[in-house]
file data13.cif (mmCIF, C-alpha atoms)
data_model
loop_
_atom_site.label_atom_id
_atom_site.label_comp_id
_atom_site.auth_asym_id
_atom_site.auth_seq_id
_atom_site.Cartn_x
_atom_site.Cartn_y
_atom_site.Cartn_z
CA MET A 49 81.18 64.96 49.63
CA ALA A 50 79.81 65.89 53.03
CA GLN A 51 78.50 69.42 53.41
CA LEU A 52 80.18 71.78 55.82
CA THR A 53 78.83 72.12 59.34
CA ASP A 54 78.07 75.52 60.87
CA ASP A 55 81.36 75.44 62.77
CA GLU A 56 83.28 74.58 59.62
CA LEU A 57 81.53 77.36 57.73
CA GLY A 58 82.39 79.73 60.53
CA GLU A 59 86.06 78.84 60.32
CA LEU A 60 85.97 79.20 56.55
CA LEU A 61 84.40 82.63 56.83
CA ARG A 62 87.02 83.71 59.37
CA GLU A 63 89.78 82.60 57.02
CA THR A 64 88.06 84.29 54.10
CA PHE A 65 87.78 87.60 55.94
CA ALA A 66 91.38 87.37 57.14
CA ASP A 67 92.47 86.85 53.54
CA LYS A 68 90.74 90.00 52.40
CA GLU A 69 91.86 92.39 55.12
CA ALA A 70 94.97 93.41 53.24
CA LEU A 71 92.83 94.76 50.40
CA ALA A 72 91.57 97.49 52.68
CA ASP A 73 95.07 98.20 53.94
CA HIS A 74 96.05 99.55 50.53
CA VAL A 75 93.35 102.20 50.52
CA PRO A 76 94.90 105.66 50.72
CA GLU A 77 94.46 107.66 53.91
CA ALA A 78 91.52 110.02 54.29
CA THR A 79 93.37 112.93 52.69
CA LYS A 80 92.71 111.56 49.22
CA ARG A 81 89.03 111.42 48.43
CA ARG A 82 86.81 111.91 45.43
CA SER A 83 84.06 113.85 47.14
CA PRO A 84 84.70 117.45 48.21
CA LEU A 85 82.63 116.96 51.34
CA PRO A 86 85.40 115.64 53.57
CA ALA A 87 87.64 118.48 52.39
CA LEU A 88 84.98 120.91 53.54
CA VAL A 89 84.73 119.08 56.82
CA ALA A 90 88.50 119.22 57.23
CA ALA A 91 88.51 122.92 56.41
CA ALA A 92 85.86 123.54 59.03
CA ALA A 93 87.92 121.60 61.56
CA VAL A 94 90.97 123.70 60.71
CA LEU A 95 89.00 126.89 61.28
CA VAL A 96 87.86 125.63 64.65
CA VAL A 97 91.43 124.74 65.61
CA LEU A 98 92.69 128.16 64.49
CA ALA A 99 89.99 129.81 66.55
CA GLY A 100 91.15 127.84 69.53
CA VAL A 101 94.78 128.75 68.93
CA LEU A 102 93.93 132.43 68.74
CA TYR A 103 91.98 132.09 71.96
CA GLY A 104 94.90 130.38 73.63
CA VAL A 105 97.27 133.16 72.59
CA GLN A 106 95.11 135.59 74.54
CA ARG A 107 95.41 133.59 77.73
CA ALA A 108 97.77 134.83 80.39
CA GLY A 109 100.35 132.51 81.91
CA ARG A 110 102.37 129.70 80.40
CA PRO A 111 102.18 129.06 76.66
CA ASP A 112 100.26 126.06 75.36
CA PRO A 113 102.42 123.05 74.76
CA ALA A 114 103.43 122.61 71.16
CA PRO A 115 101.22 120.15 69.32
CA PRO A 116 102.85 116.79 68.77
CA VAL A 117 105.01 116.74 65.69
CA ALA A 118 103.61 114.08 63.40
CA THR A 119 106.96 113.06 61.89
CA SER A 120 108.81 112.41 65.16
CA ALA A 121 105.79 110.67 66.66
CA ALA A 122 105.40 108.60 63.53
CA SER A 123 109.09 107.63 63.46
CA ASP A 124 109.02 106.68 67.16
CA ALA A 125 105.93 104.61 66.56
CA ALA A 126 107.51 102.95 63.54
CA SER A 127 110.64 102.11 65.51
CA ASP A 128 108.64 100.63 68.36
CA ALA A 129 106.51 98.66 65.95
CA ALA A 130 109.58 97.22 64.25
CA THR A 131 110.86 95.80 67.52
CA ASP A 132 107.49 94.91 69.02
CA ASN A 133 106.01 93.01 66.08
CA GLY A 134 108.39 90.09 66.48
CA ASP A 135 107.55 89.85 70.18
CA ILE A 136 103.84 90.05 69.42
CA TRP A 137 104.01 87.34 66.77
CA GLY A 138 106.16 85.24 69.07
CA ALA A 139 103.61 85.51 71.88
CA ALA A 140 100.79 84.57 69.52
CA ILE A 141 102.61 81.61 67.97
CA ALA A 142 103.76 80.30 71.35
CA THR A 143 100.23 80.56 72.73
CA ALA A 144 98.69 78.69 69.80
CA THR A 145 101.44 76.07 69.81
CA ARG A 146 100.86 75.34 73.49
CA ARG A 147 97.09 75.50 73.06
CA PHE A 148 96.91 72.76 70.43
CA GLN A 149 99.72 70.56 71.69
CA PRO A 150 98.52 66.96 71.91
CA ASP A 151 98.08 65.58 75.40
CA GLY A 152 101.14 63.70 76.55
CA ALA A 153 103.17 64.60 73.50
CA SER A 154 105.27 67.49 72.33
CA TRP A 155 105.70 69.13 68.98
CA GLN A 156 108.82 68.19 67.07
CA ALA A 157 108.95 71.66 65.54
CA VAL A 158 106.62 74.37 64.26
CA GLN A 159 106.71 75.88 60.78
CA VAL A 160 106.08 79.61 60.69
CA TYR A 161 105.16 81.76 57.69
CA GLY A 162 104.16 85.31 57.07
CA ALA A 163 100.81 85.61 55.31
CA PHE A 164 101.32 84.72 51.66
CA ALA A 165 100.88 86.87 48.61
CA VAL A 166 97.90 86.33 46.35
CA SER A 167 97.92 87.12 42.65
CA THR A 168 95.42 86.88 39.84
CA ALA A 169 95.50 84.22 37.17
CA SER A 170 96.18 86.80 34.49
CA ASP A 171 99.37 87.08 32.49
CA PRO A 172 101.28 88.91 33.85
CA PRO A 173 99.72 88.24 37.25
CA ARG A 174 98.37 91.16 39.23
CA LEU A 175 99.10 91.28 42.91
CA ILE A 176 95.93 91.16 44.98
CA LYS A 177 97.56 90.97 48.38
CA PRO A 178 101.25 91.32 49.19
CA GLY A 179 102.92 88.75 51.35
CA LEU A 180 104.19 89.44 54.84
CA THR A 181 107.95 89.21 55.06
CA LEU A 182 109.43 88.49 58.45
CA THR A 183 112.74 90.24 59.06
CA GLU A 184 115.70 88.64 60.76
CA LEU A 185 114.86 90.63 63.90
CA ASP A 186 111.27 89.36 63.74
CA LYS A 187 112.55 85.78 63.45
CA GLN A 188 114.91 86.17 66.39
CA ARG A 189 112.13 87.53 68.57
CA ILE A 190 109.75 84.79 67.46
CA GLU A 191 112.30 82.07 68.15
CA ARG A 192 112.96 83.50 71.59
CA ALA A 193 109.27 83.17 72.43
CA VAL A 194 108.50 79.89 70.68
CA ASN A 195 111.64 77.75 71.14
CA PRO A 196 110.75 76.84 74.74
CA VAL A 197 107.61 75.21 73.29
CA ALA A 198 108.98 73.82 70.02
CA PRO A 199 111.88 74.68 67.71
CA VAL A 200 110.92 76.96 64.87
CA ARG A 201 111.45 75.94 61.24
CA TRP A 202 111.53 78.76 58.75
CA SER A 203 110.16 77.83 55.37
CA ALA A 204 109.41 79.40 52.01
CA PRO A 205 106.18 81.34 51.66
CA PHE A 206 103.04 79.31 52.12
CA PRO A 207 102.08 76.85 50.86
CA PRO A 208 105.01 74.55 51.27
CA SER A 209 105.81 72.21 48.44
CA THR A 210 105.80 69.38 50.97
CA CYS A 211 104.49 69.13 54.47
CA LEU A 212 106.97 68.02 57.09
CA PRO A 213 106.29 64.56 58.49
CA GLY A 214 105.64 64.02 62.12
CA ARG A 215 104.20 66.40 64.66
CA VAL A 216 105.02 69.67 62.93
CA PRO A 217 102.17 72.17 62.77
CA ARG A 218 102.15 75.22 60.51
CA VAL A 219 101.36 78.73 61.64
CA VAL A 220 100.63 81.64 59.30
CA VAL A 221 100.78 85.09 60.88
CA ASN A 222 99.20 88.24 59.52
CA PRO A 223 100.30 91.83 60.05
CA VAL A 224 99.98 93.18 63.57
CA VAL A 225 97.11 95.61 63.89
CA GLY A 226 97.40 98.47 66.35
CA LYS A 227 94.28 99.03 68.46
CA GLY A 228 95.32 101.82 70.77
CA ASP A 229 96.50 100.24 74.00
CA HIS A 230 96.67 96.74 72.60
CA ARG A 231 97.44 94.88 69.41
CA GLU A 232 95.60 92.24 67.44
CA VAL A 233 97.06 89.65 65.17
CA ARG A 234 95.32 87.04 63.04
CA ILE A 235 96.88 83.64 62.83
CA MET A 236 96.05 80.35 61.20
CA PHE A 237 97.26 77.18 62.91
CA THR A 238 97.15 73.99 60.87
CA LEU A 239 97.87 70.50 62.07
CA GLY A 240 99.73 68.52 59.46
CA CYS A 241 99.21 68.71 55.72
CA SER A 242 95.50 68.16 55.73
CA GLY A 243 94.67 68.49 59.35
CA SER A 244 92.22 70.79 61.01
CA THR A 245 92.76 74.51 60.91
CA HIS A 246 92.26 76.88 63.78
CA SER A 247 92.18 80.54 62.92
CA GLY A 248 91.20 83.76 64.53
CA LYS A 249 92.57 86.83 66.25
CA TYR A 250 94.69 87.12 69.33
CA LEU A 251 94.50 90.20 71.51
CA VAL A 252 97.98 91.03 72.77
CA GLU A 253 98.77 93.50 75.55
CA LYS A 254 101.98 94.78 77.06
CA ILE A 255 102.06 93.70 80.68
CA ASP A 256 105.08 94.39 82.89
CA GLY A 257 107.10 95.28 79.82
CA ALA A 258 106.34 92.09 77.88
CA TRP A 259 103.76 91.39 75.20
CA LYS A 260 101.29 88.76 76.31
CA VAL A 261 98.24 87.19 74.72
CA THR A 262 95.25 88.00 76.87
CA ALA A 263 92.31 86.87 74.72
CA GLY A 264 91.50 85.16 71.46
CA THR A 265 88.55 84.50 69.21
CA GLY A 266 87.03 81.18 68.26
CA ASP A 267 88.84 78.24 69.77
CA LEU A 268 92.23 79.93 69.91
CA CYS A 269 91.67 80.35 73.61
CA GLY A 270 88.22 79.03 74.40
CA PRO A 271 86.99 75.45 74.28
CA LEU A 272 88.02 73.49 71.22
CA LYS A 273 85.46 73.74 68.41
CA SER A 274 83.77 76.60 70.17
CA THR A 275 80.80 78.10 68.37
CA SER A 276 81.09 81.23 66.33
CA THR A 277 78.96 83.13 68.81
CA THR A 278 81.41 82.66 71.62
CA PRO A 279 82.79 86.04 72.58
CA ARG A 280 86.48 86.43 72.98
CA ALA A 281 87.70 83.97 75.54
CA PRO A 282 90.57 84.75 77.89
CA CYS A 283 93.76 82.84 77.33
CA MET B 1188 87.45 127.91 81.19
CA THR B 1189 87.33 125.16 78.63
CA THR B 1190 87.96 125.75 74.99
CA SER B 1191 84.94 123.73 74.00
CA GLY B 1192 85.25 124.93 70.45
CA VAL B 1193 88.71 123.32 70.09
CA ARG B 1194 88.51 120.07 72.01
CA PRO B 1195 85.74 118.27 70.04
CA ALA B 1196 87.53 118.91 66.71
CA LEU B 1197 90.80 117.47 68.02
CA VAL B 1198 89.08 114.42 69.44
CA TYR B 1199 87.26 113.82 66.15
CA ASP B 1200 90.54 113.77 64.26
CA GLU B 1201 92.07 111.38 66.76
CA VAL B 1202 89.14 109.00 66.54
CA VAL B 1203 89.18 109.12 62.76
CA ARG B 1204 92.88 108.27 62.67
CA ALA B 1205 92.43 105.49 65.18
CA THR B 1206 89.38 103.90 63.57
CA GLU B 1207 89.61 104.56 59.87
CA ARG B 1208 91.59 101.46 58.96
CA ARG B 1209 89.38 99.18 61.00
CA LEU B 1210 86.20 100.69 59.60
CA LEU B 1211 87.54 100.37 56.06
CA ARG B 1212 88.11 96.68 56.67
CA LEU B 1213 84.60 96.31 58.05
CA GLY B 1214 83.20 98.19 55.05
CA LEU B 1215 85.11 95.85 52.75
CA MET B 1216 83.72 92.74 54.42
CA LEU B 1217 80.20 94.15 54.25
CA SER B 1218 80.25 95.45 50.71
CA GLY B 1219 82.81 93.19 49.06
CA SER B 1220 84.44 96.13 47.33
CA VAL B 1221 87.33 98.36 48.34
CA HIS B 1222 85.80 101.37 46.60
CA SER B 1223 82.43 100.79 48.20
CA ALA B 1224 84.14 100.50 51.57
CA GLU B 1225 85.79 103.88 51.00
CA ASP B 1226 82.43 105.42 50.18
CA LEU B 1227 80.77 103.86 53.19
CA VAL B 1228 83.39 105.09 55.62
CA GLN B 1229 83.65 108.51 54.03
CA THR B 1230 79.89 108.97 54.33
CA VAL B 1231 79.89 107.86 57.93
CA PHE B 1232 82.74 110.13 58.95
CA ALA B 1233 81.07 113.13 57.33
CA ARG B 1234 77.81 112.37 59.09
CA ALA B 1235 79.59 111.72 62.37
CA HIS B 1236 81.33 115.06 62.21
CA ARG B 1237 78.00 116.84 62.06
CA ARG B 1238 76.93 115.02 65.24
CA TRP B 1239 80.30 115.04 66.92
CA ASP B 1240 79.22 117.04 69.95
CA ARG B 1241 76.94 114.16 70.90
CA ILE B 1242 79.09 111.26 69.67
CA SER B 1243 82.16 112.52 71.52
CA THR B 1244 80.33 112.14 74.84
CA LEU B 1245 79.72 108.41 74.30
CA ASP B 1246 81.77 105.87 76.20
CA HIS B 1247 82.73 104.07 72.99
CA PRO B 1248 82.50 106.36 69.98
CA GLU B 1249 84.36 103.81 67.90
CA ALA B 1250 81.59 101.26 68.50
CA TYR B 1251 79.03 103.85 67.49
CA LEU B 1252 80.93 104.50 64.26
CA ARG B 1253 80.94 100.78 63.56
CA THR B 1254 77.17 100.73 63.98
CA MET B 1255 76.90 103.68 61.61
CA VAL B 1256 78.92 101.83 58.97
CA VAL B 1257 76.69 98.76 59.27
CA ASN B 1258 73.50 100.79 59.13
CA GLU B 1259 74.76 102.79 56.19
CA PHE B 1260 75.48 99.55 54.36
CA LEU B 1261 72.02 98.18 55.16
CA SER B 1262 70.27 101.30 53.98
CA TRP B 1263 72.43 101.71 50.93
CA ARG B 1264 70.50 102.43 47.81
CA ARG B 1265 73.31 104.04 45.94
CA LEU B 1266 73.90 102.74 42.46
CA LEU B 1267 76.97 103.01 40.37
CA LYS B 1268 76.88 105.63 37.64
CA ASN B 1269 75.96 103.02 35.07
CA GLY B 1270 73.09 101.79 37.15
CA GLU B 1271 74.68 98.65 38.48
CA VAL B 1272 74.53 97.66 42.11
CA PRO B 1273 78.01 97.43 43.64
CA LEU B 1274 79.11 93.82 43.79
CA ALA B 1275 82.06 92.09 45.28
CA GLU B 1276 85.13 92.56 43.14
CA PRO B 1277 85.75 89.28 41.34
CA ILE B 1278 88.78 87.49 42.65
CA GLU B 1279 90.50 85.33 40.15
CA ARG B 1280 92.04 82.07 41.25
CA PRO B 1281 95.60 82.59 42.44
CA THR B 1282 98.22 80.98 40.35
CA THR B 1283 101.44 81.57 42.22
CA GLU B 1284 101.22 78.14 43.81
CA ASP B 1285 98.87 75.24 43.85
CA ILE B 1286 96.83 76.59 46.75
CA GLY B 1287 94.36 73.77 46.67
CA ASN B 1288 90.80 73.30 47.68
CA ARG B 1289 90.84 75.51 50.76
CA GLN B 1290 91.74 78.63 48.82
CA ALA B 1291 89.12 77.75 46.24
CA GLN B 1292 86.57 77.49 49.03
CA ARG B 1293 87.58 80.89 50.39
CA ASP B 1294 87.29 82.43 46.95
CA ALA B 1295 83.88 80.83 46.49
CA ALA B 1296 82.72 81.95 49.93
CA TRP B 1297 83.71 85.54 49.16
CA GLN B 1298 81.72 85.49 45.93
CA LEU B 1299 78.70 83.84 47.56
CA LEU B 1300 78.64 86.42 50.35
CA ALA B 1301 78.01 89.08 47.73
CA GLY B 1302 74.81 87.32 46.73
CA LEU B 1303 73.33 87.13 50.20
CA PRO B 1304 70.66 89.57 51.34
CA ARG B 1305 72.32 92.49 53.06
CA LYS B 1306 71.08 91.67 56.52
CA GLN B 1307 72.29 88.08 56.32
CA ARG B 1308 75.67 89.25 55.10
CA ALA B 1309 75.87 91.87 57.84
CA VAL B 1310 75.09 89.26 60.50
CA LEU B 1311 77.77 86.90 59.19
CA VAL B 1312 80.35 89.70 59.03
CA LEU B 1313 79.56 90.87 62.55
CA ARG B 1314 79.68 87.31 63.87
CA TYR B 1315 82.73 85.92 62.07
CA TYR B 1316 84.76 89.04 61.38
CA GLU B 1317 83.93 91.36 64.24
CA ASP B 1318 83.45 88.35 66.57
CA LEU B 1319 80.35 89.82 68.17
CA SER B 1320 77.90 87.72 70.11
CA ASP B 1321 74.35 87.40 68.86
CA ASP B 1322 73.18 89.76 71.60
CA GLU B 1323 75.73 92.35 70.55
CA ILE B 1324 74.78 91.95 66.91
CA ALA B 1325 71.15 92.40 67.86
CA ARG B 1326 71.99 95.71 69.53
CA VAL B 1327 73.96 96.90 66.50
CA LEU B 1328 71.16 96.02 64.11
CA ASP B 1329 68.36 96.96 66.51
CA VAL B 1330 66.67 93.59 66.12
CA SER B 1331 66.03 90.67 68.44
CA PRO B 1332 68.69 87.99 69.03
CA SER B 1333 66.35 85.43 67.48
CA THR B 1334 66.24 87.52 64.30
CA VAL B 1335 70.04 87.54 64.32
CA ARG B 1336 70.14 83.77 64.66
CA SER B 1337 67.62 83.21 61.90
CA ASN B 1338 69.51 85.50 59.54
CA ALA B 1339 72.75 83.73 60.35
CA ALA B 1340 71.15 80.33 59.84
CA ARG B 1341 69.74 81.31 56.45
CA GLY B 1342 73.02 82.82 55.34
CA LEU B 1343 74.99 79.77 56.41
CA ALA B 1344 72.47 77.47 54.76
CA THR B 1345 72.94 79.27 51.47
CA LEU B 1346 76.71 79.00 51.73
CA ARG B 1347 76.45 75.34 52.70
CA ASP B 1348 74.24 74.53 49.74
CA ARG B 1349 76.42 76.28 47.20
CA LEU B 1350 79.93 75.79 48.50
CA PRO B 1351 81.88 72.75 47.43
CA ALA B 1352 83.02 70.82 50.47
CA GLU B 1353 86.72 69.97 50.74
CA GLU B 1354 87.61 66.80 49.04
CA ALA B 1355 88.55 64.00 51.39
CA ASN B 1356 92.31 63.32 51.40
#

call {"tool": "encode", "arguments": {"input": "data13.cif", "output": "structure tokens"}}
result
Amino acid sequence: MAQLTDDELGELLRETFADKEALADHVPEATKRRSPLPALVAAAAVLVVLAGVLYGVQRAGRPDPAPPVATSAASDAASDAATDNGDIWGAAIATATRRFQPDGASWQAVQVYGAFAVSTASDPPRLIKPGLTLTELDKQRIERAVNPVAPVRWSAPFPPSTCLPGRVPRVVVNPVVGKGDHREVRIMFTLGCSGSTHSGKYLVEKIDGAWKVTAGTGDLCGPLKSTSTTPRAPC
Amino acid sequence: MTTSGVRPALVYDEVVRATERRLLRLGLMLSGSVHSAEDLVQTVFARAHRRWDRISTLDHPEAYLRTMVVNEFLSWRRLLKNGEVPLAEPIERPTTEDIGNRQAQRDAAWQLLAGLPRKQRAVLVLRYYEDLSDDEIARVLDVSPSTVRSNAARGLATLRDRLPAEEAN
């Protein structure tokens, strides 16, 4: 068996790290900690905020605006995310599908999956990473973006029991990650049942009201088989 | 008149909320353990809060926090209560489906990363997870780009020697 090249090792590491991201996503938020130190830090921050509030009360003129209410902001954000995620995945899948389309040929279809669940080999199995379930709204948004490139085939969670014959690549999408003014999404694009795999992150931004891929890592946007040291290339 | 006593605390909280998840993921890739990642990030946030007046003036405080996480990992001498060094949590082979050789390779790679010297692992994480260039990695680690490349080469060589290659179809 031939040993892996540096590029192949790089791709393997990217896939490995992408696999493990979900483990960190199940860590509780910072409010639950074992050490008392962050609680002391938080208490100090509260005291500083209270001092500021008391100072503001003394000011003449208009009252300070009410601080943002976490619940309404959170529910608005959740609602936006629910409708945006499908568009973001659609933009990413469409970009990758165009990117790796063979010269002079078109894809017959593209299989799309949410990232699959991983369990231990124990009995009963223990869930290591939950799968990503795409809702009907997600699927509609994805189809709207991808169908102009290739029709979408929805299949059971990865891996498929059989690979579809012909020119039908497979795309696995991971959860969308919010990064302030943009989003990132990891995808894995595989050609055929045993073909090459291209994986990495797309950076997606909202431009003129539509989500668009603006950059990607590895060879998702840059030259094919780009080296691991290549910084994010524009798409 | 600015309420300088209020503004830095609010900004700290915002940056923590915005960066915590990403830093936890980075800590996981560096340490191989969810619990160790929690400890790393918790330590960094506490230290950052003490220096927040200075950190908040930086153009990219989130990048500085990332550097702090990496440096904390590299300088880590903390042992578990029973004296063991934190290792990557063992990942058993998945059994839900016949994942095949690729999943086995990923599992093996994850385990092998835990055995690399910390600096080699940090370089590979910054290159293949954070997608930094060698020059950027050099700035994070405060070493030369050639040192980054040599650490990456040694780390990759170890993985290459010990990983099973995919079987030909």

call {"tool": "atom_distance", "arguments": {"input": "data13.cif", "atom1": "CA of Pro1332 (chain B)", "atom2": "CA of Leu251 (chain A)"}}
result
26.0 Å

call {"tool": "closest_residue", "arguments": {"input": "data13.cif", "among": "B:Ala1339, B:Leu1319, B:Leu1350, B:Leu1328", "to": "Asn1288 (chain B)", "atoms": "only C-alpha atoms"}}
result
B:Leu1350

call {"tool": "resolve_selection", "arguments": {"input": "data13.cif", "expression": "the PyMOL selection byres ((chain B and resi 1254) around 10)", "output": "VMD selection string"}}
result
chain B and resid 1231 1248 to 1253 1255 to 1260 1324 1326 to 1329

call {"tool": "write_last_selection", "arguments": {"input": "data13.cif", "atoms": "C-alpha atoms", "output": "PDB file, in the coordinates of the input"}}
result
ATOM      1  CA  VAL B1231      79.890 107.860  57.930  1.00  0.00           C
ATOM      2  CA  PRO B1248      82.500 106.360  69.980  1.00  0.00           C
ATOM      3  CA  GLU B1249      84.360 103.810  67.900  1.00  0.00           C
ATOM      4  CA  ALA B1250      81.590 101.260  68.500  1.00  0.00           C
ATOM      5  CA  TYR B1251      79.030 103.850  67.490  1.00  0.00           C
ATOM      6  CA  LEU B1252      80.930 104.500  64.260  1.00  0.00           C
ATOM      7  CA  ARG B1253      80.940 100.780  63.560  1.00  0.00           C
ATOM      8  CA  MET B1255      76.900 103.680  61.610  1.00  0.00           C
ATOM      9  CA  VAL B1256      78.920 101.830  58.970  1.00  0.00           C
ATOM     10  CA  VAL B1257      76.690  98.760  59.270  1.00  0.00           C
ATOM     11  CA  ASN B1258      73.500 100.790  59.130  1.00  0.00           C
ATOM     12  CA  GLU B1259      74.760 102.790  56.190  1.00  0.00           C
ATOM     13  CA  PHE B1260      75.480  99.550  54.360  1.00  0.00           C
ATOM     14  CA  ILE B1324      74.780  91.950  66.910  1.00  0.00           C
ATOM     15  CA  ARG B1326      71.990  95.710  69.530  1.00  0.00           C
ATOM     16  CA  VAL B1327      73.960  96.900  66.500  1.00  0.00           C
ATOM     17  CA  LEU B1328      71.160  96.020  64.110  1.00  0.00           C
ATOM     18  CA  ASP B1329      68.360  96.960  66.510  1.00  0.00           C
TER      19      ASP B1329
END

call {"tool": "residues_around", "arguments": {"input": "data13.cif", "residues": "region 1333-1335 of chain B", "least_positions_apart": "3", "cutoff": "9 Å", "atoms": "only C-alpha atoms", "output": "PDB file with C-alpha atoms, keeping the file's coordinate frame"}}
result
ATOM      1  CA  LYS B1306      71.080  91.670  56.520  1.00  0.00           C
ATOM      2  CA  GLN B1307      72.290  88.080  56.320  1.00  0.00           C
ATOM      3  CA  VAL B1310      75.090  89.260  60.500  1.00  0.00           C
ATOM      4  CA  ASP B1321      74.350  87.400  68.860  1.00  0.00           C
ATOM      5  CA  ASP B1322      73.180  89.760  71.600  1.00  0.00           C
ATOM      6  CA  ILE B1324      74.780  91.950  66.910  1.00  0.00           C
ATOM      7  CA  ALA B1325      71.150  92.400  67.860  1.00  0.00           C
ATOM      8  CA  LEU B1328      71.160  96.020  64.110  1.00  0.00           C
ATOM      9  CA  VAL B1330      66.670  93.590  66.120  1.00  0.00           C
ATOM     10  CA  ASN B1338      69.510  85.500  59.540  1.00  0.00           C
ATOM     11  CA  ALA B1339      72.750  83.730  60.350  1.00  0.00           C
ATOM     12  CA  ALA B1340      71.150  80.330  59.840  1.00  0.00           C
TER      13      ALA B1340
END

call {"tool": "resolve_selection", "arguments": {"input": "data13.cif", "expression": "the PyMOL selection byres ((chain A and resi 58) around 10)", "output": "PyMOL selection string"}}
result
(chain A and resi 52-57+59-64+266+275-277) or (chain B and resi 1311+1314-1316+1343)

call {"tool": "resolve_selection", "arguments": {"input": "data13.cif", "expression": "the PyMOL selection byres ((chain B and resi 1211) around 12)", "output": "PyMOL selection string"}}
result
(chain A and resi 68-78) or (chain B and resi 1203-1210+1212-1232+1252-1253+1256-1257)

call {"tool": "closest_residue", "arguments": {"input": "data13.cif", "among": "A:Asp256, A:Arg147, A:Leu268, A:Trp155", "to": "Asn195 (chain A)", "atoms": "all atoms listed in the file"}}
result
A:Trp155

call {"tool": "decode", "arguments": {"input": "data13.cif", "residues": "region 1249-1261 of chain B", "atoms": "N, CA, C and O atoms", "output": "PDB file, in the first residue's frame"}}
result
ATOM      1  N   GLU B1249     -10.066  38.623  19.163  1.00  0.00           N
ATOM      2  CA  GLU B1249     -10.342  37.196  19.038  1.00  0.00           C
ATOM      3  C   GLU B1249      -9.100  36.433  18.583  1.00  0.00           C
ATOM      4  O   GLU B1249      -8.879  35.286  18.993  1.00  0.00           O
ATOM      5  N   ALA B1250      -8.290  37.054  17.728  1.00  0.00           N
ATOM      6  CA  ALA B1250      -7.053  36.402  17.289  1.00  0.00           C
ATOM      7  C   ALA B1250      -6.077  36.300  18.456  1.00  0.00           C
ATOM      8  O   ALA B1250      -5.347  35.313  18.596  1.00  0.00           O
ATOM      9  N   TYR B1251      -6.064  37.321  19.289  1.00  0.00           N
ATOM     10  CA  TYR B1251      -5.191  37.288  20.456  1.00  0.00           C
ATOM     11  C   TYR B1251      -5.615  36.175  21.406  1.00  0.00           C
ATOM     12  O   TYR B1251      -4.778  35.478  21.968  1.00  0.00           O
ATOM     13  N   LEU B1252      -6.912  35.998  21.582  1.00  0.00           N
ATOM     14  CA  LEU B1252      -7.403  34.922  22.446  1.00  0.00           C
ATOM     15  C   LEU B1252      -7.014  33.557  21.873  1.00  0.00           C
ATOM     16  O   LEU B1252      -6.683  32.631  22.614  1.00  0.00           O
ATOM     17  N   ARG B1253      -7.074  33.439  20.562  1.00  0.00           N
ATOM     18  CA  ARG B1253      -6.652  32.182  19.940  1.00  0.00           C
ATOM     19  C   ARG B1253      -5.185  31.906  20.255  1.00  0.00           C
ATOM     20  O   ARG B1253      -4.818  30.787  20.599  1.00  0.00           O
ATOM     21  N   THR B1254      -4.352  32.935  20.143  1.00  0.00           N
ATOM     22  CA  THR B1254      -2.939  32.774  20.473  1.00  0.00           C
ATOM     23  C   THR B1254      -2.779  32.367  21.931  1.00  0.00           C
ATOM     24  O   THR B1254      -1.933  31.528  22.263  1.00  0.00           O
ATOM     25  N   MET B1255      -3.575  32.953  22.794  1.00  0.00           N
ATOM     26  CA  MET B1255      -3.480  32.599  24.221  1.00  0.00           C
ATOM     27  C   MET B1255      -3.828  31.131  24.439  1.00  0.00           C
ATOM     28  O   MET B1255      -3.198  30.448  25.248  1.00  0.00           O
ATOM     29  N   VAL B1256      -4.838  30.639  23.728  1.00  0.00           N
ATOM     30  CA  VAL B1256      -5.222  29.225  23.876  1.00  0.00           C
ATOM     31  C   VAL B1256      -4.066  28.325  23.430  1.00  0.00           C
ATOM     32  O   VAL B1256      -3.725  27.347  24.102  1.00  0.00           O
ATOM     33  N   VAL B1257      -3.459  28.666  22.298  1.00  0.00           N
ATOM     34  CA  VAL B1257      -2.362  27.846  21.783  1.00  0.00           C
ATOM     35  C   VAL B1257      -1.189  27.867  22.758  1.00  0.00           C
ATOM     36  O   VAL B1257      -0.616  26.824  23.084  1.00  0.00           O
ATOM     37  N   ASN B1258      -0.836  29.048  23.226  1.00  0.00           N
ATOM     38  CA  ASN B1258       0.295  29.156  24.142  1.00  0.00           C
ATOM     39  C   ASN B1258       0.019  28.467  25.466  1.00  0.00           C
ATOM     40  O   ASN B1258       0.925  27.869  26.067  1.00  0.00           O
ATOM     41  N   GLU B1259      -1.211  28.546  25.925  1.00  0.00           N
ATOM     42  CA  GLU B1259      -1.564  27.848  27.156  1.00  0.00           C
ATOM     43  C   GLU B1259      -1.413  26.337  26.967  1.00  0.00           C
ATOM     44  O   GLU B1259      -0.879  25.646  27.833  1.00  0.00           O
ATOM     45  N   PHE B1260      -1.842  25.855  25.828  1.00  0.00           N
ATOM     46  CA  PHE B1260      -1.685  24.427  25.533  1.00  0.00           C
ATOM     47  C   PHE B1260      -0.209  24.043  25.506  1.00  0.00           C
ATOM     48  O   PHE B1260       0.190  23.025  26.058  1.00  0.00           O
ATOM     49  N   LEU B1261       0.616  24.861  24.866  1.00  0.00           N
ATOM     50  CA  LEU B1261       2.033  24.527  24.739  1.00  0.00           C
ATOM     51  C   LEU B1261       2.751  24.559  26.083  1.00  0.00           C
ATOM     52  O   LEU B1261       3.699  23.815  26.306  1.00  0.00           O
TER      53      LEU B1261
END
